[in-house]
Amino acid sequence: IKAVHPDAILLFRVGDFYETFGDDAIEASSILGITLTKRANGAASSVELAGFPHHAVDTYLPKLVRAGKRVAICEQLEDPKTVKGLVKRGVIELVTPGVTLSENLIENKENIYLASVYFGKEKTGVAFLDITTGEFFVAEGDDKYVEKLISSLAPKEIVYQRGEEERFANAFGRKHYTYRLEQWVFSYQVNLDKLCTQFGTPSLRGFGVDGMVEGITAAGAILYYLEFTEHKQIAHISSISRLDQNDYVWIDKFTIRNLELFNSAGGDKYSFAKVIDRTLTPMGGRLLRRWIAMPILDIERITRRQDIVAAFVADRDLAYATGEQLRAINDLERIVSRVASMRVTPRELVQLGRSLSAIEILKAALESTDCAVMHSLAEKIDTLTTLRERLAHDIYPDPLNNQIQKGGVIADGVNAELDDLRRVAMHGKDVLKAIQQRESEATGIPSLKISYNNVFGYYIEVRNTHKDRVPENWIRKQTLTAAERYITEELKEYESKILGAEERMLALEQQIYNELLAYISLHLKQLQSNAKIIATIDTLLGFATLACERNYSRPTLDQGTKIELKAARHPVIETLMGIGEEYIPNDLMLDSDSEQIIIITGPNMSGKSALLRQTALIVLMAQMGSFVP
C-alpha cells in the first residue's frame with residue numbers, strides 16, 4: 001500500500017488503533033506529539049511505530065494535513081467476525097489540503113478549492129472544484145489571467161502536468177501547495193467523456209463550456225484526481241460554470257493584499273471581508289467572499305442585486321423575518337456533499353429537515369410582499385415538502401447516537417420488525433434485572449450483580465466475601481482479585497435472545513438509513529439550487545443590514561468614465577474609530593475628459609493612503625451590488 005502512495009503518510013488501521021510505520025512514524029510523532037516506539041519485525045532488526053486510537057482521528061488528521069502532508073487512510077475492508085485469518089485492508093481515502101471532507105479541516109465561511117492547471121499550446125486551462133459543496137468552475141486564457149483567478153479564488157491545492165515545473169513556478173510562484181500528475185491524465189477527449197458521464201449529459205453545450213478545449217482538459221483532470229484519492233461518491237458534482245474574463249473585475253494578488261480584502265496586518269477580524277460580513281449562513285459567507293474576489297461588470301445584474309437590498313432596507317419587518325429563518329438554515333451545500341459521499345450523520349439529517357421547514361416559511365414570507373424581485377426569488381425555491389416529511393417521520397428528532405452504527409436513530413413506527421425487536425431488547429433487560437433480584441434473594445448474596453463483556457457475554461459477579469454461598473450449578477468463568485464471575489444456563493439463553501435482537505436491530509437501522517440516503521440523493525440538485533438562492537438572499541440581506549447600520553447610500557452605475565463620490569468614507573477604518581471619534585468624509589471627482597489626475601499631499605498618517613483605498617473599496621462594493629459609504 002505504501003508503494004502505491006509513497007508521498008503520503010499511511011494511517012494503517014490495526015484493531016482500535018491507527019498505526020504509522022518507519023519514516024511515517026518518525027514524521028507523525030514529531031507533528032502530532034505522540035510517542036515513537038520500536039518493534040522487532042522478523043528479519044529486519046526493528047521498525048519505528050507511532051499510533052493513536054481510531055476514534056481520535058478527527059483530532060490528529062487535521063494536524064497532519066495542516067502541516068502540508070497527504071494522508072492515506074487504510075481501513076479493514078471486511079468484518080473481522082466473518083473472516084478467518086488476516087482481514088483484507090485497503091486505502092479508503094487519500095486526504096490532501098485540497099481534497100477533504102473532514103469537518104475539522106473545513107472553515108464554515110470559506111471554500112476549499114482544488115485547482116487544476118493545463119498548459120495548452122495556445123491557452124492555459126484552469127478548473128476549480130470545492131468537493132465539500134460541489135461548486136465547479138472552468139476558465140481559459142493566458143497565464144496572467146489564470147494567475148488572477150488563482151489569486152482571487154485562493155485554492156488550497158493545485159494539480160498540473162509533470163514536466164511543467166519551471167513554467168508553473170514562473171507563472172504562479174512557488175508558494176502554492178501543488179501535486180504533479182502524469183501527462184496522459186490531461187487528454188482532452190478522455191476528460192470530455194469523463195465530464196459528460198459525471199453530469200449525465202451527451203455533451204457540455206448546456207453548461208456553455210463546449211469548445212473550451214484547455215478548460216475541459218483541466219476540469220477532467222480534477223475528476224481523475226478525485227478517483228486517485230479514493231473520492232468516488234461524488235453525485236453532488238452535477239454541473240460546471242464558466243468564468244468569463246469579460247464578466248468580472250479582475251483583481252491581482254497585490255491589490256488583494258494592499259486593500260486587505262481577506263487578511264489584514266491587524267489580524268483577520270480587521271480585513272474588509274470580516275468587517276462587511278453580516279451573513280447568517282455558511283453558504284452566504286462563502287458567496288460574499290466570492291463576490292469580493294470577483295465583482296461583476298453587468299450593470300443589469302448589479303441593479304437587480306441593489307433592488308433586493310433596497311427592498312430589505314425599506315421593509316425592516318421583512319428583513320427581520322428573513323433573518324429569523326436564515327438563522328435556522330444549516331449548511332445545505334455541505335450536508336448535500338456528505339449525503340452523496342454516504343458520510344452524513346443522523347444529526348445532520350435532523351438539521352436538514354429543520355432547514356427545509358425554515359425554507360418553507362422563508363418562501364412564504366418573500367411571497368407575502370409587494371416586491372416583484374422578492375417574488376422572483378421565492379419562485380425559484382423548492383420547498384421539498386415530501387422530503388421534509390419523510391425526514392421528520394424516519395429519524396428521531398434527537399437521535400440517541402450520532403453514528404448510525406450504534407443505533408437509536410430510526411424513529412418508532414417506521415418498521416414493524418424494528419419495533420418488535422426493540423420490545424424484546426427492552427423486555428430482555430427487565431428479565432435480567434428480575435434474575436439478579438431472584439438469585440440475590442435465593443443465595444443471600446446482597447452485592448451480586450449481572451454484567452456484560454465482549455469475551456463471555458452476560459455473567460454474575462460475586463465478591464470473594466460471599467463466594468462460599470455460590471450454588472454448585474453455576475459455572476465459574478473468571479477469577480479477579482476481589483471477586484469471581486460465573487455463568488448459568490438460564491443466563492446464556494436470555495443472552496442469545498437479547499444479543500440476537502440487538503444485532504438484528506442495528507442491521508435494520510443501517511438498512512433503513514441507507515434507503516433514506518438513497519431517497520435524499522434523488523433531490524440533490526433541488527437542494528443545491530435552494531442553497532444557491534439562500535446564499536444570495538443571505539448576502540443581499542447582509543448588505544441591507546450593513547447599509548442600515550452604517551448609513552450607506554445606493555450608488556448609481558453607468559458605462560461612463562466618471563467617478564463622483566460625495567462625502568465618501570473608508571468602510572473599514574470608520575468601524576474602528578473610538579467612541580466620540582468620527583471619520584472625516586471626502587468628496588472625489590475623476591473623469592477621463594476633464595480631471596484625469598489628482599495629486600494628494602499631506603504629512604505622514606494624514607490619510608493619503610486611506611483616501612486611495614477607500615475609493616477602490618467603494619468602487620468594489622458598488623460592483624458587488626452593495627450600498628456604499
# chains A, B, ... in the order shown; residues from 1 in each chain; ligands from 1
$ select_by_dssp --residues "stretch 264-450 of chain A" --states "alpha helix (DSSP H)" --output "JSON, numbers by chain"
{"A": [272, 273, 274, 275, 276, 282, 283, 284, 285, 286, 287, 288, 289, 290, 291, 292, 293, 299, 300, 301, 302, 303, 304, 305, 306, 307, 308, 309, 310, 311, 312, 313, 314, 316, 317, 318, 319, 320, 321, 322, 323, 324, 325, 326, 327, 332, 333, 334, 335, 336, 337, 338, 339, 340, 346, 347, 348, 349, 350, 351, 352, 353, 354, 355, 356, 357, 358, 359, 360, 361, 362, 363, 364, 365, 366, 367, 372, 373, 374, 375, 376, 377, 378, 379, 385, 386, 387, 388, 389, 390, 391, 392, 393, 394, 416, 417, 418, 419, 420, 421, 422, 423, 424, 425, 426, 427, 428, 429, 430, 431, 432, 433, 434, 435, 436, 437, 438, 439, 440, 441, 442, 443]}
$ residues_around --residues "stretch 571-576 of chain A" --least-positions-apart "5" --cutoff "8 Å" --atoms "only C-alpha atoms" --output "VMD selection string"
chain A and resid 270 to 272 275 to 276 582 to 583 614 617 to 618 629
$ residues_around --residues "A:Tyr224" --least-positions-apart "5" --cutoff "9 Å" --atoms "only C-alpha atoms" --output "VMD selection string"
chain A and resid 185 191 194 229
$ closest_atom_pairs --of "stretch 136-191 of chain A" --to "stretch 232-243 of chain A" --cutoff "6 Å" --atoms "only C-alpha atoms" --output "CSV"
residue,atom,partner,partner_atom,distance
A:Phe136,CA,A:Ile240,CA,4.9
A:Phe137,CA,A:Ser241,CA,4.9
A:Val138,CA,A:Arg242,CA,4.9
A:Ala139,CA,A:Leu243,CA,5.2
$ residues_around --residues "stretch 172-180 of chain A" --least-positions-apart "6" --cutoff "9 Å" --atoms "only C-alpha atoms" --output "MDAnalysis selection string"
chainID A and resid 68 97:98 143:144 146:147 150 155:165
$ write_last_selection --atoms "N, CA and C atoms" --output "PDB file, in the first residue's frame"
ATOM      1  N   GLY A  68       0.855  20.260   5.879  1.00  0.00           N
ATOM      2  CA  GLY A  68       1.173  20.115   4.459  1.00  0.00           C
ATOM      3  C   GLY A  68       1.405  18.673   4.036  1.00  0.00           C
ATOM      4  N   PRO A  97      -4.573  18.679   1.182  1.00  0.00           N
ATOM      5  CA  PRO A  97      -5.079  20.023   1.530  1.00  0.00           C
ATOM      6  C   PRO A  97      -6.264  20.471   0.672  1.00  0.00           C
ATOM      7  N   GLY A  98      -6.349  20.000  -0.594  1.00  0.00           N
ATOM      8  CA  GLY A  98      -7.437  20.446  -1.472  1.00  0.00           C
ATOM      9  C   GLY A  98      -8.579  19.457  -1.602  1.00  0.00           C
ATOM     10  N   ASP A 143      -1.524  33.003 -19.173  1.00  0.00           N
ATOM     11  CA  ASP A 143      -1.058  32.710 -17.813  1.00  0.00           C
ATOM     12  C   ASP A 143      -1.399  33.833 -16.837  1.00  0.00           C
ATOM     13  N   LYS A 144      -1.372  35.099 -17.338  1.00  0.00           N
ATOM     14  CA  LYS A 144      -1.661  36.239 -16.449  1.00  0.00           C
ATOM     15  C   LYS A 144      -3.096  36.174 -15.933  1.00  0.00           C
ATOM     16  N   VAL A 146      -5.012  33.468 -15.736  1.00  0.00           N
ATOM     17  CA  VAL A 146      -5.145  32.316 -14.835  1.00  0.00           C
ATOM     18  C   VAL A 146      -4.552  32.661 -13.465  1.00  0.00           C
ATOM     19  N   GLU A 147      -3.462  33.431 -13.468  1.00  0.00           N
ATOM     20  CA  GLU A 147      -2.834  33.824 -12.204  1.00  0.00           C
ATOM     21  C   GLU A 147      -3.788  34.692 -11.374  1.00  0.00           C
ATOM     22  N   ILE A 150      -6.371  32.432  -9.827  1.00  0.00           N
ATOM     23  CA  ILE A 150      -5.793  31.697  -8.691  1.00  0.00           C
ATOM     24  C   ILE A 150      -5.674  32.624  -7.477  1.00  0.00           C
ATOM     25  N   PRO A 155      -6.961  28.685  -4.208  1.00  0.00           N
ATOM     26  CA  PRO A 155      -7.115  27.233  -3.979  1.00  0.00           C
ATOM     27  C   PRO A 155      -6.126  26.718  -2.942  1.00  0.00           C
ATOM     28  N   LYS A 156      -6.531  25.668  -2.215  1.00  0.00           N
ATOM     29  CA  LYS A 156      -5.656  25.078  -1.184  1.00  0.00           C
ATOM     30  C   LYS A 156      -4.622  24.144  -1.823  1.00  0.00           C
ATOM     31  N   GLU A 157      -4.904  23.685  -3.068  1.00  0.00           N
ATOM     32  CA  GLU A 157      -4.004  22.745  -3.734  1.00  0.00           C
ATOM     33  C   GLU A 157      -4.190  22.907  -5.241  1.00  0.00           C
ATOM     34  N   ILE A 158      -3.083  22.783  -5.988  1.00  0.00           N
ATOM     35  CA  ILE A 158      -3.164  22.887  -7.458  1.00  0.00           C
ATOM     36  C   ILE A 158      -2.480  21.664  -8.067  1.00  0.00           C
ATOM     37  N   VAL A 159      -3.182  20.996  -9.001  1.00  0.00           N
ATOM     38  CA  VAL A 159      -2.538  19.895  -9.739  1.00  0.00           C
ATOM     39  C   VAL A 159      -2.213  20.389 -11.153  1.00  0.00           C
ATOM     40  N   TYR A 160      -1.100  19.908 -11.707  1.00  0.00           N
ATOM     41  CA  TYR A 160      -0.721  20.298 -13.076  1.00  0.00           C
ATOM     42  C   TYR A 160       0.176  19.206 -13.669  1.00  0.00           C
ATOM     43  N   GLN A 161       0.567  19.386 -14.970  1.00  0.00           N
ATOM     44  CA  GLN A 161       1.327  18.337 -15.668  1.00  0.00           C
ATOM     45  C   GLN A 161       2.760  18.225 -15.155  1.00  0.00           C
ATOM     46  N   ARG A 162       3.187  16.994 -14.971  1.00  0.00           N
ATOM     47  CA  ARG A 162       4.599  16.730 -14.678  1.00  0.00           C
ATOM     48  C   ARG A 162       5.437  17.217 -15.863  1.00  0.00           C
ATOM     49  N   GLY A 163       6.586  17.840 -15.579  1.00  0.00           N
ATOM     50  CA  GLY A 163       7.444  18.338 -16.651  1.00  0.00           C
ATOM     51  C   GLY A 163       7.271  19.834 -16.897  1.00  0.00           C
ATOM     52  N   GLU A 164       6.220  20.448 -16.260  1.00  0.00           N
ATOM     53  CA  GLU A 164       5.960  21.889 -16.467  1.00  0.00           C
ATOM     54  C   GLU A 164       6.309  22.694 -15.207  1.00  0.00           C
ATOM     55  N   GLU A 165       7.207  22.128 -14.384  1.00  0.00           N
ATOM     56  CA  GLU A 165       7.515  22.752 -13.088  1.00  0.00           C
ATOM     57  C   GLU A 165       8.031  24.191 -13.239  1.00  0.00           C
TER      58      GLU A 165
END
$ residues_around --residues "stretch 540-546 of chain A" --least-positions-apart "5" --cutoff "8 Å" --atoms "only C-alpha atoms" --output "list in words"
Ile276, Asp277, Arg278, Thr279, Leu280, Arg305, Ile308, Val309, Ala310, Phe312, Val313, Ala319, Gly323, Asn551, Tyr552, Ser626 and Phe627 of chain A
$ write_last_selection --atoms "all heavy atoms" --output "compact mmCIF listing (two decimals), in the first residue's frame"
# COMPACT_ATOMS: atom_id res chain seq x y z
N ILE A 276 -17.35 43.71 6.63
CA ILE A 276 -18.65 43.93 5.96
C ILE A 276 -19.55 42.67 6.02
O ILE A 276 -20.67 42.70 5.53
CB ILE A 276 -18.48 44.36 4.48
CG1 ILE A 276 -17.97 43.21 3.60
CG2 ILE A 276 -17.60 45.58 4.36
CD1 ILE A 276 -18.24 43.42 2.13
N ASP A 277 -19.05 41.59 6.64
CA ASP A 277 -19.82 40.33 6.63
C ASP A 277 -20.95 40.37 7.66
O ASP A 277 -20.71 40.38 8.87
CB ASP A 277 -18.88 39.16 6.94
CG ASP A 277 -19.57 37.81 6.80
OD1 ASP A 277 -20.80 37.79 6.57
OD2 ASP A 277 -18.90 36.77 6.91
N ARG A 278 -22.18 40.40 7.17
CA ARG A 278 -23.36 40.30 8.05
C ARG A 278 -24.18 39.06 7.68
O ARG A 278 -25.37 38.98 7.98
CB ARG A 278 -24.25 41.55 7.93
CG ARG A 278 -23.62 42.85 8.35
CD ARG A 278 -23.34 42.91 9.85
NE ARG A 278 -22.76 44.19 10.24
CZ ARG A 278 -21.48 44.48 10.13
NH1 ARG A 278 -20.63 43.58 9.66
NH2 ARG A 278 -21.01 45.65 10.51
N THR A 279 -23.55 38.09 7.01
CA THR A 279 -24.30 36.90 6.58
C THR A 279 -24.63 36.03 7.78
O THR A 279 -23.91 36.02 8.79
CB THR A 279 -23.50 36.08 5.55
OG1 THR A 279 -22.24 35.72 6.13
CG2 THR A 279 -23.26 36.86 4.27
N LEU A 280 -25.71 35.25 7.65
CA LEU A 280 -26.20 34.42 8.76
C LEU A 280 -26.04 32.93 8.48
O LEU A 280 -26.32 32.11 9.34
CB LEU A 280 -27.69 34.75 9.03
CG LEU A 280 -27.97 36.22 9.34
CD1 LEU A 280 -29.47 36.49 9.31
CD2 LEU A 280 -27.40 36.58 10.70
N ARG A 305 -29.42 43.16 -7.93
CA ARG A 305 -28.96 42.97 -6.54
C ARG A 305 -29.32 44.18 -5.68
O ARG A 305 -29.81 44.05 -4.56
CB ARG A 305 -27.43 42.75 -6.51
CG ARG A 305 -26.99 41.40 -7.06
CD ARG A 305 -25.45 41.28 -6.98
NE ARG A 305 -24.96 40.07 -7.65
CZ ARG A 305 -23.68 39.77 -7.77
NH1 ARG A 305 -22.75 40.58 -7.26
NH2 ARG A 305 -23.30 38.66 -8.38
N ILE A 308 -32.94 44.30 -4.53
CA ILE A 308 -33.26 43.43 -3.40
C ILE A 308 -32.74 44.05 -2.10
O ILE A 308 -33.45 44.07 -1.08
CB ILE A 308 -32.67 42.01 -3.62
CG1 ILE A 308 -33.36 41.35 -4.82
CG2 ILE A 308 -32.84 41.14 -2.38
CD1 ILE A 308 -32.69 40.10 -5.35
N VAL A 309 -31.54 44.62 -2.14
CA VAL A 309 -31.00 45.30 -0.95
C VAL A 309 -31.94 46.44 -0.55
O VAL A 309 -32.31 46.59 0.63
CB VAL A 309 -29.57 45.84 -1.22
CG1 VAL A 309 -29.05 46.63 -0.01
CG2 VAL A 309 -28.60 44.71 -1.56
N ALA A 310 -32.38 47.23 -1.55
CA ALA A 310 -33.27 48.38 -1.28
C ALA A 310 -34.58 47.91 -0.66
O ALA A 310 -35.11 48.55 0.26
CB ALA A 310 -33.53 49.13 -2.58
N PHE A 312 -35.07 45.25 1.22
CA PHE A 312 -34.82 44.89 2.62
C PHE A 312 -34.60 46.13 3.49
O PHE A 312 -34.98 46.17 4.65
CB PHE A 312 -33.61 43.96 2.73
CG PHE A 312 -33.89 42.51 2.40
CD1 PHE A 312 -33.07 41.80 1.52
CD2 PHE A 312 -34.96 41.85 2.99
CE1 PHE A 312 -33.32 40.46 1.23
CE2 PHE A 312 -35.22 40.51 2.71
CZ PHE A 312 -34.40 39.81 1.83
N VAL A 313 -33.95 47.16 2.90
CA VAL A 313 -33.73 48.41 3.66
C VAL A 313 -35.06 49.09 3.94
O VAL A 313 -35.31 49.59 5.05
CB VAL A 313 -32.78 49.35 2.87
CG1 VAL A 313 -32.76 50.75 3.49
CG2 VAL A 313 -31.36 48.78 2.84
N ALA A 319 -37.08 42.14 6.51
CA ALA A 319 -35.67 41.84 6.76
C ALA A 319 -35.52 41.01 8.03
O ALA A 319 -34.78 40.03 8.07
CB ALA A 319 -34.86 43.13 6.87
N GLY A 323 -34.25 37.14 8.27
CA GLY A 323 -33.09 36.82 9.12
C GLY A 323 -33.40 35.69 10.10
O GLY A 323 -32.57 34.80 10.31
N ASN A 551 -25.40 53.65 7.58
CA ASN A 551 -25.95 54.76 6.80
C ASN A 551 -25.30 54.86 5.41
O ASN A 551 -24.76 55.89 5.02
CB ASN A 551 -25.78 56.08 7.58
CG ASN A 551 -26.59 57.20 6.96
OD1 ASN A 551 -27.59 56.93 6.27
ND2 ASN A 551 -26.18 58.44 7.15
N TYR A 552 -25.35 53.75 4.66
CA TYR A 552 -24.79 53.70 3.31
C TYR A 552 -25.83 54.19 2.30
O TYR A 552 -27.02 54.19 2.58
CB TYR A 552 -24.40 52.26 2.93
CG TYR A 552 -23.12 51.74 3.58
CD1 TYR A 552 -22.37 52.53 4.46
CD2 TYR A 552 -22.67 50.46 3.31
CE1 TYR A 552 -21.21 52.04 5.04
CE2 TYR A 552 -21.51 49.95 3.88
CZ TYR A 552 -20.78 50.74 4.75
OH TYR A 552 -19.64 50.25 5.31
N SER A 626 -23.60 46.10 -3.52
CA SER A 626 -23.84 46.62 -2.17
C SER A 626 -24.07 48.13 -2.21
O SER A 626 -23.69 48.80 -3.17
CB SER A 626 -22.60 46.33 -1.32
OG SER A 626 -22.66 47.02 -0.08
N PHE A 627 -24.72 48.66 -1.16
CA PHE A 627 -24.75 50.10 -0.96
C PHE A 627 -23.36 50.51 -0.43
O PHE A 627 -22.59 49.66 -0.01
CB PHE A 627 -25.83 50.48 0.05
CG PHE A 627 -27.24 50.40 -0.52
CD1 PHE A 627 -27.51 49.72 -1.69
CD2 PHE A 627 -28.31 51.01 0.14
CE1 PHE A 627 -28.80 49.64 -2.21
CE2 PHE A 627 -29.60 50.94 -0.38
CZ PHE A 627 -29.84 50.25 -1.56
$ residues_around --residues "A:Ile381" --least-positions-apart "6" --cutoff "8 Å" --atoms "only C-alpha atoms" --output "VMD selection string"
chain A and resid 359 363 529 to 530 533
$ residues_around --residues "A:Thr100" --least-positions-apart "3" --cutoff "10 Å" --atoms "only C-alpha atoms" --output "PDB file with C-alpha atoms, in the first residue's frame"
ATOM      1  CA  PRO A  62      -6.278  17.904  10.626  1.00  0.00           C
ATOM      2  CA  VAL A  65      -2.940  17.998   6.706  1.00  0.00           C
ATOM      3  CA  GLU A  93      -9.449   7.847   1.310  1.00  0.00           C
ATOM      4  CA  LEU A  94      -6.415   9.956   0.493  1.00  0.00           C
ATOM      5  CA  VAL A  95      -6.780  13.288   2.295  1.00  0.00           C
ATOM      6  CA  THR A  96      -4.875  16.255   0.838  1.00  0.00           C
ATOM      7  CA  PRO A  97      -5.079  20.023   1.530  1.00  0.00           C
ATOM      8  CA  GLU A 103     -15.331  18.640   9.269  1.00  0.00           C
ATOM      9  CA  ASN A 104     -12.315  19.672  11.355  1.00  0.00           C
ATOM     10  CA  LEU A 105     -10.462  20.833   8.228  1.00  0.00           C
ATOM     11  CA  ILE A 106     -13.291  22.950   6.845  1.00  0.00           C
ATOM     12  CA  ILE A 112     -11.737  24.698  -0.068  1.00  0.00           C
ATOM     13  CA  LEU A 114      -8.776  22.218  -5.574  1.00  0.00           C
ATOM     14  CA  ASP A 130     -14.820  22.569  -3.935  1.00  0.00           C
ATOM     15  CA  ILE A 131     -15.643  18.910  -3.175  1.00  0.00           C
ATOM     16  CA  THR A 132     -17.354  19.954   0.079  1.00  0.00           C
ATOM     17  CA  THR A 229      -7.610   9.949  -3.952  1.00  0.00           C
ATOM     18  CA  HIS A 231     -13.269  10.034  -3.595  1.00  0.00           C
TER      19      HIS A 231
END
$ closest_residue --among "A:Leu527, A:Leu366, A:Ile410, A:Ile404" --to "A:Ala321" --atoms "only C-alpha atoms"
A:Leu366
$ atom_distance --atom1 "atom CA of A:Leu508" --atom2 "atom CA of A:Val57"
27.4 Å
$ closest_atom_pairs --of "stretch 494-599 of chain A" --to "stretch 452-475 of chain A" --cutoff "12 Å" --atoms "only C-alpha atoms" --output "tab-separated table"
residue	atom	partner	partner_atom	distance
A:Tyr494	CA	A:Tyr458	CA	9.0
A:Glu495	CA	A:Tyr458	CA	6.5
A:Ser496	CA	A:Gly457	CA	9.3
A:Lys497	CA	A:Tyr458	CA	11.8
A:Ile498	CA	A:Tyr458	CA	10.3
A:Leu499	CA	A:Gly457	CA	9.1
$ write_last_selection --atoms "N, CA, C and O atoms" --output "compact mmCIF listing (two decimals), in the first residue's frame"
# COMPACT_ATOMS: atom_id res chain seq x y z
N TYR A 494 -31.04 -16.26 27.75
CA TYR A 494 -31.51 -14.89 27.55
C TYR A 494 -30.52 -14.05 26.74
O TYR A 494 -30.90 -13.19 25.98
N GLU A 495 -29.24 -14.36 26.95
CA GLU A 495 -28.20 -13.62 26.21
C GLU A 495 -28.39 -13.78 24.71
O GLU A 495 -28.34 -12.80 23.95
N SER A 496 -28.62 -15.03 24.25
CA SER A 496 -28.77 -15.24 22.80
C SER A 496 -29.99 -14.50 22.27
O SER A 496 -29.97 -13.94 21.17
N LYS A 497 -31.07 -14.45 23.08
CA LYS A 497 -32.28 -13.71 22.65
C LYS A 497 -31.97 -12.21 22.53
O LYS A 497 -32.25 -11.57 21.52
N ILE A 498 -31.37 -11.65 23.58
CA ILE A 498 -31.14 -10.20 23.61
C ILE A 498 -30.13 -9.79 22.55
O ILE A 498 -30.35 -8.85 21.78
N LEU A 499 -28.99 -10.52 22.50
CA LEU A 499 -27.94 -10.14 21.55
C LEU A 499 -28.40 -10.32 20.11
O LEU A 499 -28.09 -9.51 19.24
$ atom_distance --atom1 "atom CA of A:Asp79" --atom2 "atom CA of A:Ile512"
20.1 Å
$ select_by_dssp --residues "stretch 18-55 of chain A" --states "strand (DSSP E or B)" --output "PyMOL selection string"
chain A and resi 18-21+37-41+44-53
$ closest_residue --among "A:Ala340, A:Ala221, A:Ala483, A:Val83" --to "A:Asn514" --atoms "only C-alpha atoms"
A:Ala340
